[in-house]
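This is final_32.cif (mmCIF, C-alpha atoms).
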data_entry
loop_
_atom_site.label_atom_id
_atom_site.label_comp_id
_atom_site.auth_asym_id
_atom_site.auth_seq_id
_atom_site.Cartn_x
_atom_site.Cartn_y
_atom_site.Cartn_z
CA MET G 230 336.11 30.32 221.05
CA ILE G 231 332.77 30.27 222.87
CA LEU G 232 333.83 33.20 225.04
CA GLU G 233 335.06 35.16 222.01
CA MET G 234 331.73 34.66 220.20
CA PHE G 235 329.30 35.23 223.07
CA ARG G 236 331.47 37.49 225.29
CA GLU G 237 331.91 37.25 229.04
CA ASP G 238 328.18 37.13 229.84
CA ILE G 239 327.95 33.58 228.56
CA SER G 240 329.86 32.33 231.62
CA ARG G 241 326.85 33.19 233.83
CA HIS G 242 324.62 30.94 231.71
CA THR G 243 326.87 27.89 231.31
CA ILE G 244 327.31 24.52 233.03
CA LEU G 245 330.40 22.42 232.30
CA ILE G 246 329.74 18.73 231.61
CA PHE G 247 332.63 16.26 231.90
CA SER G 248 332.07 12.98 230.06
CA HIS G 249 333.64 9.56 230.64
CA ALA G 250 333.12 9.70 234.40
CA ASP G 251 333.42 5.89 234.32
CA ARG G 252 337.19 6.37 234.01
CA LEU G 253 337.37 8.05 237.43
CA ARG G 254 337.14 4.60 239.07
CA ARG G 255 334.84 5.76 241.89
CA GLU G 256 336.79 8.98 242.45
CA SER G 257 334.54 12.03 242.79
CA ILE G 258 334.61 14.60 239.99
CA GLU G 259 335.37 17.34 242.52
CA ARG G 260 338.51 15.52 243.70
CA PHE G 261 339.54 14.81 240.11
CA VAL G 262 339.22 18.49 239.14
CA SER G 263 341.18 19.63 242.21
CA ARG G 264 344.17 17.54 241.02
CA GLN G 265 344.28 19.11 237.53
CA ASN G 266 346.57 21.86 236.26
CA GLN G 267 345.94 25.60 236.53
CA LYS G 268 344.17 25.89 233.16
CA VAL G 269 341.47 23.49 234.27
CA GLN G 270 341.21 25.30 237.60
CA ASP G 271 340.79 28.65 235.82
CA LEU G 272 338.16 27.20 233.49
CA VAL G 273 336.11 25.84 236.36
CA GLU G 274 336.38 29.08 238.31
CA ARG G 275 335.40 31.16 235.27
CA PHE G 276 332.11 29.21 235.00
CA GLY G 277 331.31 29.53 238.69
CA ARG G 278 332.42 25.96 239.50
CA ARG G 279 329.19 24.71 237.90
CA PHE G 280 330.08 21.29 236.53
CA VAL G 281 328.78 17.72 236.50
CA ALA G 282 330.19 14.42 235.24
CA PHE G 283 328.35 11.85 233.11
CA ASP G 284 329.10 8.13 232.99
CA ASN G 285 328.77 7.17 229.30
CA THR G 286 328.58 3.47 230.09
CA ASN G 287 325.48 3.87 232.28
CA PRO G 288 322.87 5.88 230.37
CA THR G 289 320.06 4.62 232.65
CA ASN G 290 321.60 6.29 235.71
CA ARG G 291 319.01 8.88 236.72
CA ASP G 292 321.15 10.34 239.52
CA GLN G 293 323.48 12.08 237.08
CA VAL G 294 320.49 13.57 235.25
CA ARG G 295 319.08 14.72 238.57
CA ARG G 296 322.38 16.42 239.44
CA LEU G 297 322.41 18.23 236.10
CA LEU G 298 318.83 19.46 236.56
CA GLN G 299 319.75 20.64 240.03
CA LYS G 300 322.58 22.69 238.50
CA VAL G 301 320.14 24.12 235.94
CA ASP G 302 317.78 25.20 238.73
CA GLU G 303 320.64 26.88 240.54
CA LEU G 304 321.60 28.66 237.31
CA LEU G 305 318.04 29.92 236.81
CA VAL G 306 317.98 31.31 240.33
CA LEU G 307 321.35 32.98 239.76
CA ASN G 308 320.12 34.70 236.58
CA GLU G 309 316.63 35.48 237.95
CA ASN G 310 315.06 33.18 235.30
CA ARG G 311 316.40 35.31 232.41
CA HIS G 312 317.77 33.46 229.39
CA PHE G 313 321.02 34.46 227.69
CA THR G 314 320.82 36.80 224.73
CA ASN G 315 323.13 39.19 222.86
CA LYS G 316 323.59 40.49 219.33
CA VAL G 317 324.92 37.14 218.14
CA THR G 318 321.86 35.14 219.24
CA VAL G 319 319.42 37.77 217.93
CA THR G 320 321.22 37.80 214.58
CA MET G 321 321.20 34.00 214.42
CA GLN G 322 317.45 33.89 215.07
CA LYS G 323 316.81 36.41 212.32
CA ALA G 324 319.09 34.49 209.99
CA GLN G 325 317.27 31.25 210.75
CA LYS G 326 313.92 32.87 209.91
CA ILE G 327 315.30 34.24 206.63
CA VAL G 328 316.72 30.82 205.71
CA GLU G 329 313.34 29.18 206.36
CA GLU G 330 311.56 31.72 204.13
CA ILE G 331 314.14 31.25 201.39
CA GLN G 332 313.77 27.48 201.59
CA ASN G 333 309.99 27.80 201.32
CA GLU G 334 310.31 30.01 198.26
CA GLN G 335 312.88 27.68 196.72
CA ARG G 336 310.47 24.75 197.08
CA LEU G 337 307.82 26.75 195.23
CA VAL G 338 310.31 27.76 192.53
CA LEU G 339 310.79 24.03 191.88
CA LEU G 340 307.27 24.05 190.44
CA GLY G 341 308.56 26.05 187.52
CA ARG G 342 306.64 29.26 188.30
CA THR G 343 308.85 31.95 189.81
CA ASP G 344 305.87 34.36 189.90
CA LEU G 345 303.73 31.93 191.90
CA VAL G 346 304.56 33.38 195.32
CA LYS G 347 303.74 36.92 194.23
CA ARG G 348 300.60 35.83 192.37
CA PHE G 349 299.09 34.35 195.55
CA GLY G 350 299.89 37.33 197.74
CA ARG G 351 302.89 35.59 199.28
CA ARG G 352 300.52 33.28 201.14
CA PHE G 353 302.45 30.03 201.43
CA VAL G 354 303.49 27.48 204.02
CA ALA G 355 305.83 24.49 203.94
CA PHE G 356 305.18 21.14 205.58
CA ASP G 357 307.85 18.69 206.72
CA ASN G 358 306.46 15.27 205.69
CA THR G 359 309.01 13.49 207.84
CA ASN G 360 307.75 15.18 211.02
CA PRO G 361 303.93 14.84 211.13
CA ALA G 362 303.92 15.50 214.89
CA ASN G 363 305.19 19.05 214.37
CA ARG G 364 302.31 21.27 215.49
CA ASP G 365 304.08 24.51 214.60
CA GLN G 366 303.58 23.94 210.87
CA VAL G 367 299.86 23.34 211.47
CA ARG G 368 299.72 26.51 213.54
CA ARG G 369 301.33 28.49 210.71
CA LEU G 370 298.79 27.12 208.23
CA LEU G 371 295.86 28.05 210.50
CA GLN G 372 297.32 31.52 210.87
CA LYS G 373 297.40 31.87 207.07
CA VAL G 374 293.78 30.68 206.91
CA ASP G 375 292.74 33.33 209.45
CA GLU G 376 294.52 36.01 207.42
CA LEU G 377 292.77 34.77 204.28
CA LEU G 378 289.35 34.91 205.95
CA VAL G 379 289.97 38.49 207.04
CA LEU G 380 291.11 39.41 203.51
CA ASN G 381 287.93 37.96 201.96
CA GLU G 382 285.58 39.19 204.72
CA ASN G 383 284.77 35.57 205.69
CA ARG G 384 283.26 34.83 202.25
CA HIS G 385 284.03 31.43 200.68
CA PHE G 386 285.04 31.07 197.04
CA THR G 387 282.54 29.99 194.40
CA ASN G 388 282.17 30.26 190.60
CA GLU G 389 280.89 28.21 187.68
CA VAL G 390 283.73 25.72 188.07
CA THR G 391 283.03 24.98 191.72
CA GLU G 392 279.28 24.76 191.11
CA ALA G 393 279.83 22.35 188.24
CA MET G 394 282.20 20.26 190.29
CA GLN G 395 279.71 20.15 193.17
CA LYS G 396 277.02 18.94 190.78
CA ALA G 397 279.45 16.35 189.41
CA GLN G 398 280.30 15.24 192.93
CA LYS G 399 276.59 14.83 193.73
CA ILE G 400 276.07 12.72 190.58
CA VAL G 401 279.03 10.52 191.48
CA GLU G 402 277.83 10.09 195.05
CA GLU G 403 274.32 9.19 193.91
CA ARG G 404 275.69 6.67 191.43
CA ILE G 405 277.94 5.10 194.04
CA GLN G 406 275.05 4.93 196.49
CA ALA G 407 272.91 3.21 193.87
CA GLU G 408 275.67 0.75 193.02
CA THR G 409 276.30 0.09 196.71
CA ALA G 410 272.59 -0.54 197.29
CA GLU G 411 272.49 -2.92 194.31
CA ARG G 412 275.54 -4.82 195.57
CA ALA G 413 273.96 -5.04 199.02
CA ARG G 414 270.75 -6.38 197.48
CA LYS G 415 272.65 -9.04 195.53
CA ILE G 416 274.66 -10.02 198.60
CA LYS G 417 271.50 -10.41 200.66
CA GLU G 418 269.86 -12.40 197.87
CA GLU G 419 272.86 -14.78 197.65
CA VAL G 420 273.02 -15.22 201.41
CA ARG G 421 269.27 -15.90 201.57
CA LYS G 422 269.61 -18.57 198.90
CA MET G 423 272.44 -20.22 200.84
CA ALA G 424 270.35 -20.05 204.02
CA ASP G 425 267.40 -21.65 202.21
CA VAL G 426 269.63 -24.50 201.08
CA ARG G 427 270.85 -25.05 204.63
CA TRP G 428 267.29 -24.93 205.99
CA ARG G 429 266.01 -27.39 203.41
CA ALA G 430 268.89 -29.75 204.23
CA PHE G 431 268.01 -29.53 207.93
CA LEU G 432 264.31 -30.19 207.28
CA SER G 433 265.27 -33.10 205.07
CA ASP G 434 267.23 -34.66 207.95
CA MET G 435 264.28 -34.13 210.29
CA ASN G 436 261.89 -35.72 207.81
CA GLU G 437 264.28 -38.64 207.36
CA GLU G 438 264.15 -39.27 211.11
CA ARG G 439 260.36 -39.11 211.07
CA GLN G 440 260.23 -41.51 208.15
CA GLU G 441 262.55 -43.94 209.92
CA THR G 442 260.26 -43.90 212.98
CA GLU G 443 257.27 -44.47 210.73
CA ARG G 444 258.95 -47.40 209.05
CA ARG G 445 259.68 -48.99 212.45
CA ARG G 446 256.04 -48.45 213.49
CA LYS G 447 254.81 -50.13 210.31
CA ARG G 448 257.12 -53.11 210.83
CA ILE G 449 255.85 -53.60 214.38
CA GLN G 450 252.26 -53.17 213.20
CA ARG G 451 252.75 -55.78 210.52
CA ARG G 452 254.07 -58.22 213.12
CA ILE G 453 251.10 -57.48 215.39
CA ASP G 454 248.65 -58.06 212.52
CA GLN G 455 250.42 -61.30 211.60
CA ILE G 456 250.33 -62.60 215.18
CA GLN G 457 246.65 -61.70 215.54
CA GLU G 458 245.93 -63.51 212.29
CA ASP G 459 247.84 -66.58 213.53
CA ILE G 460 245.93 -66.60 216.79
CA LYS G 461 242.62 -66.35 214.93
CA LYS G 462 243.50 -69.25 212.65
CA GLU G 463 244.72 -71.34 215.55
CA GLU G 464 241.52 -70.74 217.47
CA GLN G 465 239.51 -71.84 214.41
CA ASN G 466 241.20 -75.21 214.31
CA VAL G 467 239.22 -78.19 215.56
CA GLU G 468 241.84 -78.85 218.21
CA PRO G 469 243.84 -75.65 218.96
CA ILE G 470 247.28 -76.16 220.42
CA PRO G 471 247.40 -74.38 223.78
CA GLU G 472 251.19 -73.98 223.77
CA ARG G 473 251.03 -72.35 220.37
CA LEU G 474 248.31 -69.99 221.44
CA LYS G 475 250.37 -69.14 224.50
CA ARG G 476 253.42 -68.35 222.41
CA TYR G 477 251.33 -66.24 220.06
CA SER G 478 249.88 -64.33 222.99
CA MET G 479 253.32 -63.68 224.50
CA SER G 480 254.65 -62.49 221.14
CA LEU G 481 251.62 -60.25 220.68
CA GLN G 482 252.13 -58.76 224.14
CA THR G 483 255.79 -58.10 223.37
CA GLU G 484 254.98 -56.33 220.09
CA LEU G 485 252.26 -54.29 221.70
CA GLU G 486 254.77 -53.16 224.33
CA ASN G 487 257.26 -52.37 221.57
CA MET G 488 254.58 -50.31 219.82
CA GLY G 489 253.85 -48.44 223.05
CA ARG G 490 257.51 -47.64 223.68
CA LEU G 491 257.93 -46.61 220.05
CA GLU G 492 254.97 -44.26 220.32
CA GLU G 493 256.35 -42.70 223.49
CA ARG G 494 259.74 -42.36 221.85
CA ARG G 495 258.15 -40.85 218.74
CA MET G 496 256.38 -38.18 220.80
CA GLU G 497 259.58 -37.38 222.72
CA ASP G 498 261.58 -37.19 219.49
CA GLU G 499 258.98 -34.89 217.99
CA ARG G 500 259.26 -32.48 220.92
CA GLU G 501 263.05 -32.53 220.61
CA ARG G 502 262.82 -31.94 216.87
CA LYS G 503 260.61 -28.90 217.37
CA GLU G 504 263.08 -27.46 219.87
CA GLN G 505 265.94 -28.24 217.50
CA GLU G 506 264.09 -26.59 214.62
CA GLU G 507 263.61 -23.45 216.71
CA ARG G 508 267.30 -23.37 217.66
CA GLU G 509 268.31 -24.01 214.06
CA ARG G 510 266.07 -21.18 212.84
CA ASN G 511 267.55 -18.75 215.37
CA ASP G 512 271.11 -19.83 214.53
CA LEU G 513 270.35 -19.47 210.84
CA ASP G 514 268.99 -15.94 211.32
CA ILE G 515 272.18 -14.98 213.18
CA TRP G 516 274.30 -16.60 210.46
CA ILE G 517 272.43 -14.63 207.78
CA GLN G 518 273.12 -11.33 209.55
CA GLU G 519 276.78 -12.16 210.14
CA GLU G 520 277.35 -13.44 206.60
CA GLU G 521 275.68 -10.41 205.05
CA GLN G 522 277.77 -8.05 207.19
CA ARG G 523 280.98 -9.94 206.42
CA ARG G 524 280.39 -9.78 202.66
CA LEU G 525 279.41 -6.12 202.83
CA ASP G 526 282.63 -5.37 204.74
CA GLU G 527 284.66 -7.27 202.13
CA GLU G 528 283.05 -5.17 199.40
CA LYS G 529 284.10 -1.87 201.01
CA PRO G 530 287.82 -2.03 200.02
CA LYS G 531 286.75 -2.61 196.40
CA ASN G 532 285.02 0.77 196.36
CA LEU G 533 287.98 3.00 195.62
CA PHE G 534 285.79 6.08 195.43
CA SER G 535 284.47 6.55 198.95
CA PRO G 536 282.89 9.94 199.82
CA GLU G 537 286.27 11.11 201.13
CA HIS G 538 288.02 10.04 197.92
CA ILE G 539 285.35 11.76 195.83
CA LYS G 540 285.96 15.04 197.62
CA ILE G 541 289.72 14.72 197.17
CA VAL G 542 289.38 13.97 193.45
CA THR G 543 286.87 16.80 193.10
CA MET G 544 289.15 19.37 194.69
CA LEU G 545 292.17 18.10 192.79
CA SER G 546 290.21 18.28 189.53
CA MET G 547 289.09 21.81 190.30
CA PHE G 548 292.69 22.80 190.84
CA ILE G 549 294.08 20.99 187.78
CA LEU G 550 291.27 22.11 185.46
CA GLY G 551 291.56 25.65 186.81
CA ILE G 552 294.59 27.63 187.84
CA GLY G 553 296.83 24.60 188.17
CA ALA G 554 296.52 23.42 184.60
CA THR G 555 299.78 25.04 183.50
CA PHE G 556 301.94 23.48 186.17
CA ALA G 557 299.93 20.42 187.30
CA PRO G 558 302.59 17.90 186.18
CA ALA G 559 305.27 19.64 188.22
CA LEU G 560 302.91 19.98 191.20
CA LEU G 561 301.97 16.29 191.15
CA ALA G 562 305.61 15.31 190.86
CA PHE G 563 306.42 17.60 193.76
CA LEU G 564 303.62 16.29 195.99
CA PHE G 565 304.03 12.63 195.00
CA PRO G 566 307.71 12.14 194.08
CA ALA G 567 307.36 8.33 194.06
CA ALA G 568 304.57 8.43 191.46
CA PRO G 569 304.91 9.11 187.71
CA VAL G 570 304.02 12.58 186.52
CA ALA G 571 300.32 12.75 185.60
CA PRO G 572 298.99 14.90 182.74
CA ALA G 573 296.58 17.75 183.36
CA GLY G 574 293.69 15.61 182.11
CA PHE G 575 294.28 12.94 184.76
CA ALA G 576 291.60 14.06 187.21
CA ALA G 577 289.17 14.90 184.42
CA GLY G 578 289.62 11.39 183.06
CA ILE G 579 288.87 9.87 186.45
CA LEU G 580 285.71 11.90 186.92
CA THR G 581 284.61 11.29 183.33
CA ARG G 582 284.84 7.52 183.88
CA LEU G 583 282.96 7.95 187.15
CA LEU G 584 280.18 9.94 185.53
CA ALA G 585 279.99 7.69 182.43
CA ALA G 586 277.14 9.14 180.38
CA GLU G 587 277.27 12.40 182.30
CA GLY G 588 280.95 12.85 181.45
CA TRP G 589 280.06 15.33 178.70
CA GLY G 590 279.39 17.84 181.46
CA PHE G 591 283.10 18.41 181.83
CA VAL G 592 283.16 20.19 178.47
CA TRP G 593 281.11 22.89 180.18
CA VAL G 594 283.41 22.79 183.19
CA ALA G 595 286.46 23.31 181.00
CA ALA G 596 284.76 26.31 179.41
CA GLY G 597 284.74 28.04 182.79
CA VAL G 598 288.45 27.61 183.39
CA ALA G 599 289.20 31.09 182.13
CA LYS G 600 287.30 32.56 185.07
CA ALA G 601 289.30 30.59 187.63
CA ALA G 602 291.96 33.29 187.92
CA VAL G 603 290.01 34.85 190.79
CA LEU G 604 290.99 31.78 192.82
CA THR G 605 294.23 33.57 193.63
CA ARG G 606 292.44 35.63 196.28
CA CYS G 607 291.17 32.46 198.01
CA SER G 608 294.16 30.14 197.81
CA ILE G 609 297.02 29.12 200.05
CA GLN G 610 299.73 27.27 198.15
#

What would the structure in this file look like if it were written as structure tokens?
Amino acid sequence: MILEMFREDISRHTILIFSHADRLRRESIERFVSRQNQKVQDLVERFGRRFVAFDNTNPTNRDQVRRLLQKVDELLVLNENRHFTNKVTVTMQKAQKIVEEIQNEQRLVLLGRTDLVKRFGRRFVAFDNTNPANRDQVRRLLQKVDELLVLNENRHFTNEVTEAMQKAQKIVEERIQAETAERARKIKEEVRKMADVRWRAFLSDMNEERQETERRRKRIQRRIDQIQEDIKKEEQNVEPIPERLKRYSMSLQTELENMGRLEERRMEDERERKEQEERERNDLDIWIQEEEQRRLDEEKPKNLFSPEHIKIVTMLSMFILGIGATFAPALLAFLFPAAPVAPAGFAAGILTRLLAAEGWGFVWVAAGVAKAAVLTRCSIQ
């Protein structure tokens, strides 16, 4: 059948591949072929004895792939690097191109506008969403863009609608920037308050330590004063008791030594507290920066209308409010099959809520829709 379709020339461009080589049980494919009947012998001879065998149970065997590539190299040398072609292959290529064009037009017909292709100068491309790595479809789109630039002498499209939408986009961006700045200010204010609470708690602990040292100093001082008073009274007696005076003196010496050690300890603790305060202040400054950044990052996902989203909504609104108003529901259903069909006022509603008080401006935008027909010279659908 292959020979009947592609004629005799196909035999000069063909390599026979025998599968299930695992069943040969270590017998070479050449020996196996030599033992076959005359039909097999004729087949092998007709294709120049170019054949290889593949072991299906060992797909990781690179030797069999190497042998096949070697056969391919030999075939290229035999045919002087020319690929096979005849009327059948040329016809099939043309047919494939026609089928692709028909499929592209059929996808556009699904939008409900059979005149859409003609209206836009037959400028259309089709993208395979299941194959994002396909660069050919991107190349075709860029080619259409180049053709469009030549057609319009490198001028970009603009009218009252686009100017109004650009003004609306600027208002939205300014409002979002103001809201973002206000949220950042509140976040910083909250974090600063939390940092102040932590700092006051730290200072309170430091002051508590100082107060405890002061209380110990006062207790020792009271004992010293009491001992000195006892010694004075004892010395005023008519007959002082030497043993008592000796005990008082020893106790006084002990308390004075305690006071000296306490003072040394107090000075050492004070130096340590100052160093600790400095470390705590540095750690707190770092914590403030990290906490502010963390909260700002958590706020980002809540902002559904980033600058990129604004541009997307703006362009979609321009399309829906303009030339796409008549078939926007079908277009949205075509582009987003998993989502419910949205009415033509969908994008306008979004932007109106974004603009709040400025939403009345869209009445003026809608008034310019009638002029949007010139978009057909600057559009690729």

Please expand the PyMOL selection byres ((chain G and resi 418-428) around 12) into the concrete residues it hits in this file, giving the result as a PyMOL selection string.
chain G and resi 411-417+429-435+506-525

Please measure the separation of CA of Ile470 in chain G and CA of Met488 in chain G, giving the value in Å to one decimal.
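Result for CA of Ile470 in chain G versus CA of Met488 in chain G: 26.9 Å, one decimal.
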
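In this structure, CA of Arg278 in chain G sits 17.5 Å away from CA of Arg295 in chain G.
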
Provide the CA of Gln267 in chain G to CA of Phe247 in chain G distance in Å, to one decimal place.
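Rounded to one decimal, the two atoms are 16.9 Å apart.
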
Tell me which of G:His249, G:Arg279, G:Lys475, G:Arg439 sits closest to Gln299 in chain G, counting only C-alpha atoms.
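Among the listed residues, the smallest separation from Gln299 in chain G belongs to G:Arg279.
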
Using all atoms of range 375-381 of chain G that appear in the file, construct an axis-aligned enclosing box with 5 Å of padding on every side and provide its centre coordinates and edge lengths in Å, rounded to one decimal, as JSON.
{"center_x": 291.2, "center_y": 36.4, "center_z": 205.7, "size_x": 16.6, "size_y": 16.1, "size_z": 17.5}

Return as JSON, numbers by chain the set of residues that the PyMOL selection byres ((chain G and resi 301-305) around 12) yields on the displayed structure.
{"G": [239, 240, 241, 242, 243, 244, 245, 246, 276, 277, 278, 279, 280, 281, 294, 295, 296, 297, 298, 299, 300, 306, 307, 308, 309, 310, 311, 312, 313]}

With all atoms listed in the file as the basis for distance, which of G:Thr442, G:Arg351, G:Ile449, G:Pro469 is at the shortest distance from Gln482 in chain G?
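Among the listed residues, G:Ile449 lies closest to Gln482 in chain G.
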
Explicit residue set for the PyMOL selection byres ((chain G and resi 495) around 12), as number ranges by chain
G: 438-446, 487-494, 496-502

Residue with smallest distance to Phe283 in chain G - pool G:Arg252, G:Arg368, G:Lys399, G:Arg264, counting all atoms listed in the file
G:Arg252
